[in-house]
file structure.csv (CSV, C-alpha atoms)
chain,number,residue,atom,x,y,z
A,6,MET,CA,0.0,0.0,0.0
A,7,TRP,CA,1.0,3.6,-0.6
A,8,THR,CA,1.2,6.1,2.2
A,9,PRO,CA,-0.3,9.5,1.2
A,10,ARG,CA,1.6,12.7,1.7
A,11,TYR,CA,-0.4,13.9,4.7
A,12,ALA,CA,1.3,17.3,4.7
A,13,HIS,CA,0.3,18.1,1.1
A,14,LEU,CA,-3.2,19.4,0.4
A,15,LYS,CA,-4.8,19.7,-3.0
A,16,PRO,CA,-8.3,21.4,-2.7
A,17,ASN,CA,-10.5,20.9,-5.7
A,18,ILE,CA,-12.1,24.4,-5.8
A,19,THR,CA,-14.1,23.9,-8.9
A,20,PHE,CA,-14.8,21.2,-11.5
A,21,LEU,CA,-15.5,23.8,-14.2
A,22,CYS,CA,-13.2,23.6,-17.3
A,23,ASP,CA,-13.6,24.1,-21.0
A,24,ARG,CA,-10.6,22.1,-22.3
A,25,LYS,CA,-12.2,18.6,-22.5
A,26,CYS,CA,-8.8,17.0,-22.2
A,27,PRO,CA,-8.7,13.3,-22.9
A,28,ASN,CA,-8.3,11.2,-19.7
A,29,CYS,CA,-8.9,14.3,-17.5
A,30,ASN,CA,-8.4,13.0,-13.9
A,31,ARG,CA,-11.3,15.1,-12.7
A,32,ALA,CA,-13.6,13.6,-15.5
A,33,THR,CA,-14.6,17.1,-16.6
A,34,GLU,CA,-14.7,16.0,-20.3
A,35,VAL,CA,-17.2,13.2,-19.7
A,36,CYS,CA,-19.2,14.7,-16.8
A,37,PRO,CA,-19.3,18.5,-17.2
A,38,SER,CA,-19.9,20.5,-14.0
A,39,SER,CA,-21.6,23.7,-12.8
A,40,ASN,CA,-21.0,26.2,-10.1
A,41,LYS,CA,-22.9,24.0,-7.7
A,42,ASP,CA,-19.8,21.8,-7.4
A,43,ASN,CA,-17.6,24.7,-6.3
A,44,LEU,CA,-15.9,24.8,-2.9
A,45,SER,CA,-16.8,28.0,-1.1
A,46,ALA,CA,-14.0,30.3,0.0
A,47,GLY,CA,-15.7,30.4,3.4
A,48,GLN,CA,-15.5,26.7,3.9
A,49,PHE,CA,-11.9,26.6,2.7
A,50,GLN,CA,-11.0,29.3,5.1
A,51,GLU,CA,-12.8,27.6,8.0
A,52,MET,CA,-11.0,24.4,7.3
A,53,LEU,CA,-7.5,26.0,7.2
A,54,GLU,CA,-8.2,28.0,10.4
A,55,GLU,CA,-9.3,24.8,12.1
A,56,CYS,CA,-6.2,23.0,10.9
A,57,GLY,CA,-4.0,25.8,12.1
A,58,ARG,CA,-5.6,26.0,15.6
A,59,ASP,CA,-5.3,22.2,15.9
A,60,GLY,CA,-1.6,22.2,15.0
A,61,LYS,CA,-2.1,20.6,11.5
A,62,ILE,CA,0.6,22.2,9.5
A,63,TRP,CA,0.4,21.8,5.7
A,64,THR,CA,3.8,22.0,3.9
A,65,ARG,CA,2.2,22.5,0.5
A,66,ILE,CA,-1.3,23.6,-0.6
A,67,THR,CA,-2.1,23.5,-4.3
A,68,LEU,CA,-5.4,24.8,-5.8
A,69,THR,CA,-6.7,22.3,-8.3
A,70,GLY,CA,-9.9,21.7,-10.2
A,71,GLY,CA,-11.1,21.7,-13.4
A,72,GLU,CA,-9.5,25.1,-14.1
A,73,PRO,CA,-9.1,26.9,-10.8
A,74,THR,CA,-9.3,30.3,-12.3
A,75,PHE,CA,-12.9,29.5,-13.4
A,76,HIS,CA,-13.9,29.8,-9.8
A,77,PRO,CA,-15.4,33.3,-9.2
A,78,GLU,CA,-13.5,33.5,-5.9
A,79,PHE,CA,-10.2,32.3,-7.2
A,80,ASN,CA,-8.2,35.2,-5.8
A,81,ARG,CA,-9.9,34.9,-2.5
A,82,PHE,CA,-8.6,31.3,-2.2
A,83,VAL,CA,-5.1,32.5,-2.9
A,84,ASP,CA,-5.5,35.2,-0.2
A,85,ILE,CA,-6.7,32.5,2.3
A,86,MET,CA,-3.7,30.3,1.5
A,87,ALA,CA,-1.4,33.2,2.1
A,88,GLU,CA,-3.1,34.1,5.4
A,89,TYR,CA,-2.8,30.5,6.6
A,90,LYS,CA,0.9,30.5,5.6
A,91,LYS,CA,1.6,33.7,7.4
A,92,LYS,CA,-0.3,32.8,10.6
A,93,TYR,CA,0.5,29.1,11.0
A,94,ALA,CA,3.0,27.7,8.5
A,95,PRO,CA,5.7,30.1,7.2
A,96,GLY,CA,7.4,27.3,5.3
A,97,CYS,CA,4.2,26.2,3.4
A,98,VAL,CA,4.5,26.3,-0.4
A,99,ILE,CA,1.3,27.8,-1.8
A,100,SER,CA,0.5,27.1,-5.5
A,101,THR,CA,-2.1,26.7,-8.1
A,102,TYR,CA,-2.5,24.7,-11.3
A,103,THR,CA,-3.7,26.5,-14.4
A,104,TYR,CA,-3.7,26.2,-18.2
A,105,HIS,CA,-3.5,30.0,-18.5
A,106,HIS,CA,-7.0,30.6,-19.9
A,107,PRO,CA,-6.6,33.8,-22.0
A,108,HIS,CA,-9.7,35.5,-20.7
A,109,LEU,CA,-8.9,34.6,-17.0
A,110,PHE,CA,-5.1,35.1,-16.9
A,111,HIS,CA,-5.7,38.5,-15.2
A,112,LYS,CA,-6.6,36.5,-12.1
A,113,ILE,CA,-3.2,34.8,-12.1
A,114,GLU,CA,-1.4,38.1,-12.7
A,115,LYS,CA,-3.3,39.6,-9.7
A,116,ALA,CA,-2.6,36.6,-7.5
A,117,VAL,CA,1.1,36.7,-8.2
A,118,SER,CA,1.2,40.5,-7.8
A,119,ASP,CA,-0.5,40.2,-4.4
A,120,HIS,CA,1.5,37.1,-3.4
A,121,PRO,CA,4.9,36.9,-5.1
A,122,ASP,CA,5.6,33.5,-3.4
A,123,LEU,CA,2.6,31.9,-5.2
A,124,VAL,CA,3.9,29.1,-7.4
A,125,VAL,CA,1.9,28.8,-10.7
A,126,LYS,CA,2.1,25.4,-12.2
A,127,ASP,CA,1.2,24.9,-15.9
A,128,THR,CA,-1.0,21.8,-16.3
A,129,GLU,CA,0.8,21.0,-19.5
A,130,LYS,CA,-2.3,20.1,-21.5
A,131,LEU,CA,-1.8,17.3,-23.9
A,132,GLU,CA,-2.8,16.5,-27.4
A,133,PRO,CA,-5.8,14.0,-27.7
A,134,GLU,CA,-3.5,11.2,-28.7
A,135,ASP,CA,-1.1,11.8,-25.8
A,136,HIS,CA,-2.5,10.0,-22.7
A,137,LYS,CA,-0.3,11.0,-19.8
A,138,TYR,CA,-3.0,9.9,-17.3
A,139,ALA,CA,-5.0,6.7,-17.6
A,140,MET,CA,-8.1,8.0,-15.7
A,141,TYR,CA,-10.4,5.2,-17.0
A,142,LEU,CA,-7.8,2.4,-16.9
A,143,ALA,CA,-7.3,0.1,-13.9
A,144,PRO,CA,-3.6,-0.7,-13.4
A,145,ARG,CA,-4.3,-4.4,-13.7
A,146,ASP,CA,-5.7,-3.7,-17.2
A,147,ASP,CA,-2.3,-2.5,-18.5
A,148,ALA,CA,0.3,-5.0,-17.2
A,149,LYS,CA,2.8,-3.7,-19.8
A,150,ARG,CA,2.7,-0.3,-18.2
A,151,PHE,CA,2.2,-1.2,-14.5
A,152,GLY,CA,3.5,-4.7,-14.2
A,153,PRO,CA,1.4,-7.8,-13.3
A,154,ASP,CA,1.4,-7.2,-9.5
A,155,HIS,CA,0.7,-3.4,-9.4
A,156,PHE,CA,-3.0,-3.8,-8.6
A,157,TYR,CA,-2.1,-5.2,-5.2
A,158,VAL,CA,-0.7,-1.9,-4.0
A,159,GLY,CA,-3.4,0.4,-5.5
A,160,CYS,CA,-3.1,3.9,-6.9
A,161,ASN,CA,-0.1,5.9,-5.9
A,162,LEU,CA,-1.5,9.4,-6.5
A,163,GLY,CA,-2.1,10.0,-2.8
A,164,HIS,CA,1.6,9.2,-2.3
A,165,LEU,CA,2.7,11.5,-5.1
A,166,CYS,CA,0.3,14.4,-4.7
A,167,GLY,CA,-1.2,14.4,-1.2
A,168,LEU,CA,-4.7,14.6,0.2
A,169,GLY,CA,-7.7,15.9,-1.7
A,170,TYR,CA,-10.3,18.2,-0.4
A,171,ASP,CA,-13.7,19.6,-1.6
A,172,ASP,CA,-17.0,20.7,-0.2
A,173,ALA,CA,-17.6,17.2,1.2
A,174,GLY,CA,-14.3,16.9,3.1
A,175,PHE,CA,-10.9,15.2,2.8
A,176,TYR,CA,-10.0,12.3,0.5
A,177,TYR,CA,-7.1,9.9,0.2
A,178,CYS,CA,-5.9,11.7,-3.0
A,179,SER,CA,-6.8,14.7,-5.0
A,180,VAL,CA,-8.4,12.7,-7.8
A,181,VAL,CA,-11.1,11.1,-5.6
A,182,PRO,CA,-13.3,14.2,-5.3
A,183,GLY,CA,-13.8,14.0,-9.1
A,184,ILE,CA,-14.7,10.4,-8.9
A,185,ALA,CA,-17.1,11.0,-6.0
A,186,ARG,CA,-18.7,13.8,-8.0
A,187,VAL,CA,-19.2,11.6,-11.1
A,188,PHE,CA,-20.8,8.8,-9.1
A,189,GLY,CA,-23.0,11.1,-7.0
A,190,LEU,CA,-21.2,10.1,-3.8
A,191,LYS,CA,-21.0,13.5,-2.2

call {"tool": "encode", "arguments": {"input": "structure.csv", "output": "structure tokens"}}
result
Amino acid sequence: MWTPRYAHLKPNITFLCDRKCPNCNRATEVCPSSNKDNLSAGQFQEMLEECGRDGKIWTRITLTGGEPTFHPEFNRFVDIMAEYKKKYAPGCVISTYTYHHPHLFHKIEKAVSDHPDLVVKDTEKLEPEDHKYAMYLAPRDDAKRFGPDHFYVGCNLGHLCGLGYDDAGFYYCSVVPGIARVFGLK
């Protein structure tokens, strides 16, 4: 079994996205979303405050989604991460994923201007024939790629990426909120 990175948090703040990337690990191309699936900035702030008061120190917080800048409160989320870092975890790396949507890039520019320590990670969107992620493929179904015994240890994304979080709470990895959304489990 893989052990998740308990000090890394990847909140899924929205499942909105217009890219329709093949094998999107949030399933936005097969199950489009609406604003009803957005995490509220208030809930995010409350969770981080509670973590800070209880001594839970995140070493990395990365906003994820769909496309995080689609969230109407994107910049507020960045402010909240920066407040948490200042108050509770000065060594915490705060970051966001984005594909640099041309009509929303001003949100990234403002966030970086307000918080120069914000790390902006390009999601490196892929061509349709280039499948970096096998969202709809179980490891045991691709023995050439994963090896015949891989399915015994399960998925390693929690180990690689850290814990997921959305409006329903915490998850073993950052991909699970998307799966829960698709199957109506939240």

call {"tool": "closest_residue", "arguments": {"input": "structure.csv", "among": "A:Tyr170, A:Phe75, A:Phe82, A:Tyr93", "to": "His108 (chain A)", "atoms": "all atoms listed in the file"}}
result
A:Phe75

call {"tool": "atom_distance", "arguments": {"input": "structure.csv", "atom1": "CA of Gln48 (chain A)", "atom2": "CA of Asp23 (chain A)"}}
result
25.1 Å

call {"tool": "residues_around", "arguments": {"input": "structure.csv", "residues": "Glu34 (chain A)", "least_positions_apart": "3", "cutoff": "9 Å", "atoms": "all atoms listed in the file", "output": "list in words"}}
result
Cys22, Asp23, Arg24, Lys25, Cys26, Pro27, Asn28, Cys29, Arg31 and Pro37 of chain A

call {"tool": "closest_residue", "arguments": {"input": "structure.csv", "among": "A:Ile184, A:Ala173, A:Cys97, A:Val124", "to": "Arg65 (chain A)", "atoms": "all atoms listed in the file"}}
result
A:Cys97

call {"tool": "residues_near_point", "arguments": {"input": "structure.csv", "point": "(6.0, 22.4, 4.8)", "cutoff": "9 Å", "atoms": "all atoms listed in the file", "output": "ChimeraX atom specification"}}
result
/A:12-13,62-65,94-98

call {"tool": "closest_residue", "arguments": {"input": "structure.csv", "among": "A:Glu51, A:Asp172, A:Glu72, A:Asp84", "to": "Lys115 (chain A)", "atoms": "all atoms listed in the file"}}
result
A:Asp84

call {"tool": "atom_distance", "arguments": {"input": "structure.csv", "atom1": "CA of Ile85 (chain A)", "atom2": "CA of His105 (chain A)"}}
result
21.2 Å

call {"tool": "atom_distance", "arguments": {"input": "structure.csv", "atom1": "CA of Ser179 (chain A)", "atom2": "CA of Ser39 (chain A)"}}
result
19.0 Å
